[in-house]
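Have a look at the structure below before the remarks.
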Amino acid sequence: MAQIIGLPKLSPTMEEGVLVKWAKKEGDSVEPGDLVAEVETDKANMDFNLEDEGTLLKLLVAEGDTVKLGAPVAILGETGEDIAALIAEAQAQGNGQPAAAPSPAPAPTPAKAPTPTPAKAAVKPAVAKAPAPAPAPAPAAPTPSAGGRLLASPLAKTLALELGVDLRAVQGSGPGGRIVERDVRALAGAKGAPEPAAVEAPAANALAVVARGPVAVPGKSDEYVDRPLSTMRKRIAERLTAAKRDIPHFYLTASCDAGPLLAFRARLNQLLGGSGKVSVNDLIIKGCALALRRVPEVNAAFMGDAIRYFTHVHMGVAVAIEDGLVTPVVRDADLKGIGVISAEVKDLADRAKHRGLKMHEIQGSTFTVSNLGMFGIDVFQAIINPPEGAVLAVGRIRKQPVVAANGTITASDRMSLTLSCDHRTVDGALGARYLDELTDLLEHPESLAL
């Protein structure tokens with residue numbers, strides 16, 4: 001019997017997703033566990049697998065569409081079944097317009113929209129040199145809308161801003177008249193619209209000019225460009241705002257002698273030869289995991305009416321990607337060797353940057369390490385990743401003068417460690433005890449291998 005298939009929850013915090021690509025087409029048979037689509041969530045691109053069998057009778061959303069959690073995306077049944085009533089039901093639920101038939105034009109991808117040329121700051125204060133805004137053309141063929149809202153894919157909206165195209169003048173060719181990427185490019189090409197170009201900005205505003213903008217857009221303000229939030233950036237904004245507002249953060253900073261750690265890393269990499277390199281961050285992850293074993297009260301989460309103490313140490317590792325931040329998880333890091341942790345972190349970070357992580361690889365962490373040392377940052381304070389009770393922020397290693405026990409001043413490799421604590425779970429003395437244990441481990445790194 002035919003059934004409507006809704007968009008499942010593919011990440012712990014997912015509320016909507018962008019259907020990036022259909023792996024199956026209408027008429028294809030599906031077996032339990034088959035991949036049917038790739039979906040961009042707030043965390044990464046996830047595989048959408050079906051656990052039912054049958055035939056995909058109808059695809060209800062097009063590639064590039066944003067779909068709410070649980071909204072209809074397809075109809076699965078047996079070949080020849082009458083699904084007219086199910087199509088009507090899916091459309092009534094929303095996000096249920098039948099997907100457009102494949103066309104020779106390339107399908108929009110979430111890859112890269114045209115990147116503006118870096119802007120130049122004017123030498124003398126002057127008005128920004130940009131084409132005079134042309135009057136917005138009257139819409140030749142208004143695109144169908146729902147409740148007065150233009151129907152356009154997120155990629156089409158972003159591209160319209162980049163190319164200076166008025167969406168009201170675009171005739172949509174997507175499902176239900178939705179404007180898609182090819183429609184915006186077609187109108188821009190017909191008008192001879194140039195690719196996004198650099199503008200000269202006043203010297204007073206030079207700091208606001210970065211490699212990817214701002215760009216003067218005809219018909220828009222020449223002082224700024226609004227780019228729609230991606231699914232990931234939107235969710236980051238929501239979660240971090242809630243975390244900073246609802247969690248009583250306090251911060252503890254300690255300075256660590258990183259000289260022994262650097263020497264230990266050099267010896268490890270000499271032993272490894274060309275089979276891989278261990279990073280300082282790999283050693284810090286191992287040290288944090290062992291310190292949580294020594295001070296298990298920090299490996300905890302506030303649950304409202306109880307404090308949950310975790311029996312496993314699962315380390316989250318903050319990884320910066322093009323559109324935000326993801327935190328893949330190294331499970332049971334306290335039980336793994338340094339070489340295993342190093343290889344696992346490299347694999348997770350590489351797949352994170354290509355949005356190839358699975359749901360189980362980005363959830364379940366009990367403590368997180370965020371390291372900005374490689375970007376030249378000395379000290380910073382990280383926001384706690386709920387429901388964890390703490391996060392460690394690691395600064396760069398740099399030479400600093402240190403007064404030795406005999407009163408002489410020597411140069412020492414120092415590294416800052418800042419622990420952000422949830423005061424509901426981790427008190428000041430407890431957090432200080434954890435930092436003391438971590439510092440001891442990092443200053444005597446041979447203990448990391450025990």
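Letters for chains follow the order of the structure tokens (A, B, ...), residue numbers begin at 1 for each chain, and ligand numbers begin at 1 in the order shown.
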
Assign secondary structure with DSSP using the backbone only, and return the residues of segment 179-375 of chain A in helix (DSSP H, G or I) as number ranges by chain. A: 181-191, 203-208, 231-246, 259-272, 280-294, 296-298, 333-335, 338-353, 359-361, 373-375

Expected file contents, prior selection, C-alpha atoms, as a PDB file, in the first residue's frame:
```pdb
ATOM      1  CA  GLU A 181      19.338  28.945  -9.942  1.00  0.00           C
ATOM      2  CA  ARG A 182      19.016  28.530 -13.711  1.00  0.00           C
ATOM      3  CA  ASP A 183      16.164  31.081 -13.847  1.00  0.00           C
ATOM      4  CA  VAL A 184      18.281  33.762 -12.160  1.00  0.00           C
ATOM      5  CA  ARG A 185      21.276  33.034 -14.397  1.00  0.00           C
ATOM      6  CA  ALA A 186      19.087  33.098 -17.518  1.00  0.00           C
ATOM      7  CA  LEU A 187      17.691  36.558 -16.722  1.00  0.00           C
ATOM      8  CA  ALA A 188      21.116  37.875 -15.718  1.00  0.00           C
ATOM      9  CA  GLY A 189      22.555  36.625 -19.011  1.00  0.00           C
ATOM     10  CA  ALA A 190      19.704  38.166 -21.031  1.00  0.00           C
ATOM     11  CA  LYS A 191      20.290  41.523 -19.344  1.00  0.00           C
ATOM     12  CA  ALA A 203      38.962  54.752   3.590  1.00  0.00           C
ATOM     13  CA  ALA A 204      36.829  55.209   6.687  1.00  0.00           C
ATOM     14  CA  ASN A 205      35.092  51.949   5.884  1.00  0.00           C
ATOM     15  CA  ALA A 206      38.182  50.026   4.811  1.00  0.00           C
ATOM     16  CA  LEU A 207      37.945  47.609   7.707  1.00  0.00           C
ATOM     17  CA  ALA A 208      34.492  46.555   6.583  1.00  0.00           C
ATOM     18  CA  THR A 231      20.791  25.928   7.486  1.00  0.00           C
ATOM     19  CA  MET A 232      24.005  25.381   9.440  1.00  0.00           C
ATOM     20  CA  ARG A 233      24.615  29.050  10.241  1.00  0.00           C
ATOM     21  CA  LYS A 234      21.002  29.510  11.320  1.00  0.00           C
ATOM     22  CA  ARG A 235      21.228  26.586  13.731  1.00  0.00           C
ATOM     23  CA  ILE A 236      24.606  27.749  15.089  1.00  0.00           C
ATOM     24  CA  ALA A 237      23.073  31.155  15.839  1.00  0.00           C
ATOM     25  CA  GLU A 238      20.121  29.592  17.647  1.00  0.00           C
ATOM     26  CA  ARG A 239      22.098  27.073  19.712  1.00  0.00           C
ATOM     27  CA  LEU A 240      24.927  29.381  20.767  1.00  0.00           C
ATOM     28  CA  THR A 241      22.519  32.171  21.688  1.00  0.00           C
ATOM     29  CA  ALA A 242      20.598  29.723  23.868  1.00  0.00           C
ATOM     30  CA  ALA A 243      23.805  28.285  25.360  1.00  0.00           C
ATOM     31  CA  LYS A 244      25.242  31.688  26.279  1.00  0.00           C
ATOM     32  CA  ARG A 245      21.890  32.875  27.650  1.00  0.00           C
ATOM     33  CA  ASP A 246      20.878  29.773  29.615  1.00  0.00           C
ATOM     34  CA  GLY A 259      58.363  22.671  25.972  1.00  0.00           C
ATOM     35  CA  PRO A 260      58.184  19.022  27.109  1.00  0.00           C
ATOM     36  CA  LEU A 261      55.072  18.513  24.970  1.00  0.00           C
ATOM     37  CA  LEU A 262      56.836  19.798  21.837  1.00  0.00           C
ATOM     38  CA  ALA A 263      59.874  17.599  22.523  1.00  0.00           C
ATOM     39  CA  PHE A 264      57.657  14.535  23.074  1.00  0.00           C
ATOM     40  CA  ARG A 265      55.789  15.230  19.825  1.00  0.00           C
ATOM     41  CA  ALA A 266      59.074  15.502  17.931  1.00  0.00           C
ATOM     42  CA  ARG A 267      60.198  12.120  19.262  1.00  0.00           C
ATOM     43  CA  LEU A 268      56.875  10.502  18.335  1.00  0.00           C
ATOM     44  CA  ASN A 269      56.985  11.862  14.800  1.00  0.00           C
ATOM     45  CA  GLN A 270      60.576  10.693  14.413  1.00  0.00           C
ATOM     46  CA  LEU A 271      59.467   7.184  15.356  1.00  0.00           C
ATOM     47  CA  LEU A 272      56.505   7.360  12.979  1.00  0.00           C
ATOM     48  CA  VAL A 280      49.943  19.090  19.403  1.00  0.00           C
ATOM     49  CA  ASN A 281      46.145  19.052  19.302  1.00  0.00           C
ATOM     50  CA  ASP A 282      46.146  15.230  19.229  1.00  0.00           C
ATOM     51  CA  LEU A 283      48.204  15.215  22.421  1.00  0.00           C
ATOM     52  CA  ILE A 284      45.900  17.777  24.054  1.00  0.00           C
ATOM     53  CA  ILE A 285      42.849  15.650  23.215  1.00  0.00           C
ATOM     54  CA  LYS A 286      44.493  12.633  24.829  1.00  0.00           C
ATOM     55  CA  GLY A 287      45.505  14.727  27.839  1.00  0.00           C
ATOM     56  CA  CYS A 288      41.972  16.100  28.286  1.00  0.00           C
ATOM     57  CA  ALA A 289      40.527  12.580  28.129  1.00  0.00           C
ATOM     58  CA  LEU A 290      42.939  11.247  30.775  1.00  0.00           C
ATOM     59  CA  ALA A 291      42.333  14.301  32.982  1.00  0.00           C
ATOM     60  CA  LEU A 292      38.604  13.531  32.848  1.00  0.00           C
ATOM     61  CA  ARG A 293      39.408  10.080  34.198  1.00  0.00           C
ATOM     62  CA  ARG A 294      41.351  11.678  37.045  1.00  0.00           C
ATOM     63  CA  PRO A 296      35.405  12.446  36.532  1.00  0.00           C
ATOM     64  CA  GLU A 297      33.095  15.053  38.089  1.00  0.00           C
ATOM     65  CA  VAL A 298      33.885  17.343  35.129  1.00  0.00           C
ATOM     66  CA  ALA A 333      39.487   8.785  23.719  1.00  0.00           C
ATOM     67  CA  ASP A 334      40.930   7.867  27.116  1.00  0.00           C
ATOM     68  CA  LEU A 335      41.279   4.239  25.972  1.00  0.00           C
ATOM     69  CA  ILE A 338      47.860   8.695  20.494  1.00  0.00           C
ATOM     70  CA  GLY A 339      48.407   7.346  16.967  1.00  0.00           C
ATOM     71  CA  VAL A 340      44.824   6.090  16.766  1.00  0.00           C
ATOM     72  CA  ILE A 341      43.462   9.441  17.983  1.00  0.00           C
ATOM     73  CA  SER A 342      45.636  11.292  15.467  1.00  0.00           C
ATOM     74  CA  ALA A 343      44.430   9.199  12.517  1.00  0.00           C
ATOM     75  CA  GLU A 344      40.805   9.430  13.629  1.00  0.00           C
ATOM     76  CA  VAL A 345      40.907  13.211  14.068  1.00  0.00           C
ATOM     77  CA  LYS A 346      42.462  13.685  10.617  1.00  0.00           C
ATOM     78  CA  ASP A 347      39.772  11.505   9.016  1.00  0.00           C
ATOM     79  CA  LEU A 348      36.907  13.219  10.850  1.00  0.00           C
ATOM     80  CA  ALA A 349      38.229  16.717  10.109  1.00  0.00           C
ATOM     81  CA  ASP A 350      38.704  15.947   6.411  1.00  0.00           C
ATOM     82  CA  ARG A 351      35.190  14.543   6.046  1.00  0.00           C
ATOM     83  CA  ALA A 352      33.767  17.433   8.081  1.00  0.00           C
ATOM     84  CA  LYS A 353      35.193  19.903   5.565  1.00  0.00           C
ATOM     85  CA  MET A 359      24.932  11.568  12.443  1.00  0.00           C
ATOM     86  CA  HIS A 360      26.583   9.253  14.989  1.00  0.00           C
ATOM     87  CA  GLU A 361      29.923  10.986  14.346  1.00  0.00           C
ATOM     88  CA  GLY A 373      46.466  28.270  18.393  1.00  0.00           C
ATOM     89  CA  MET A 374      47.152  27.529  14.734  1.00  0.00           C
ATOM     90  CA  PHE A 375      45.444  30.855  13.892  1.00  0.00           C
TER      91      PHE A 375
END
```

If we count only C-alpha atoms, what is near Thr79 of chain A at a cut-off of 8 Å, once residues fewer than 5 positions away on the same chain are taken out, given as a list in words? Gly27, Thr55 and Leu57 of chain A

Selection export as a PDB file, in the first residue's frame, atoms kept: N, CA and C atoms:
```pdb
ATOM      1  N   GLY A  27      10.126   5.800 -10.121  1.00  0.00           N
ATOM      2  CA  GLY A  27      10.064   4.511 -10.790  1.00  0.00           C
ATOM      3  C   GLY A  27      11.120   3.530 -10.316  1.00  0.00           C
ATOM      4  N   THR A  55       8.454   0.918  -4.530  1.00  0.00           N
ATOM      5  CA  THR A  55       8.854   1.707  -5.698  1.00  0.00           C
ATOM      6  C   THR A  55       8.604   3.176  -5.403  1.00  0.00           C
ATOM      7  N   LEU A  57       7.149   6.173  -6.280  1.00  0.00           N
ATOM      8  CA  LEU A  57       6.104   6.539  -7.237  1.00  0.00           C
ATOM      9  C   LEU A  57       6.106   8.030  -7.552  1.00  0.00           C
TER      10      LEU A  57
END
```

From the list A:Ser255, A:Ser412, A:Thr439, A:Asn371, the nearest residue to Ser279 of chain A using only C-alpha atoms is A:Asn371

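When only C-alpha atoms are used to compute distances to Asp413 of chain A, the closest of the residues A:Gly33, A:His354, A:Gly428, A:Ile397 turns out to be A:Ile397.
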
When distances are computed from only C-alpha atoms, which of A:Asp422, A:Asp332, A:Asp222, A:Glu437 shows the smallest separation from Val295 of chain A? A:Glu437

Point-to-point distance from atom CA of Glu78 of chain A to atom CA of Gly54 of chain A, Å rounded to tenths: 5.8 Å

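The spacing separating atom CA of Cys256 of chain A from atom CA of Val326 of chain A amounts to 26.8 Å.
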
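Going from atom CA of Leu252 of chain A over to atom CA of Leu419 of chain A, you cover 5.1 Å.
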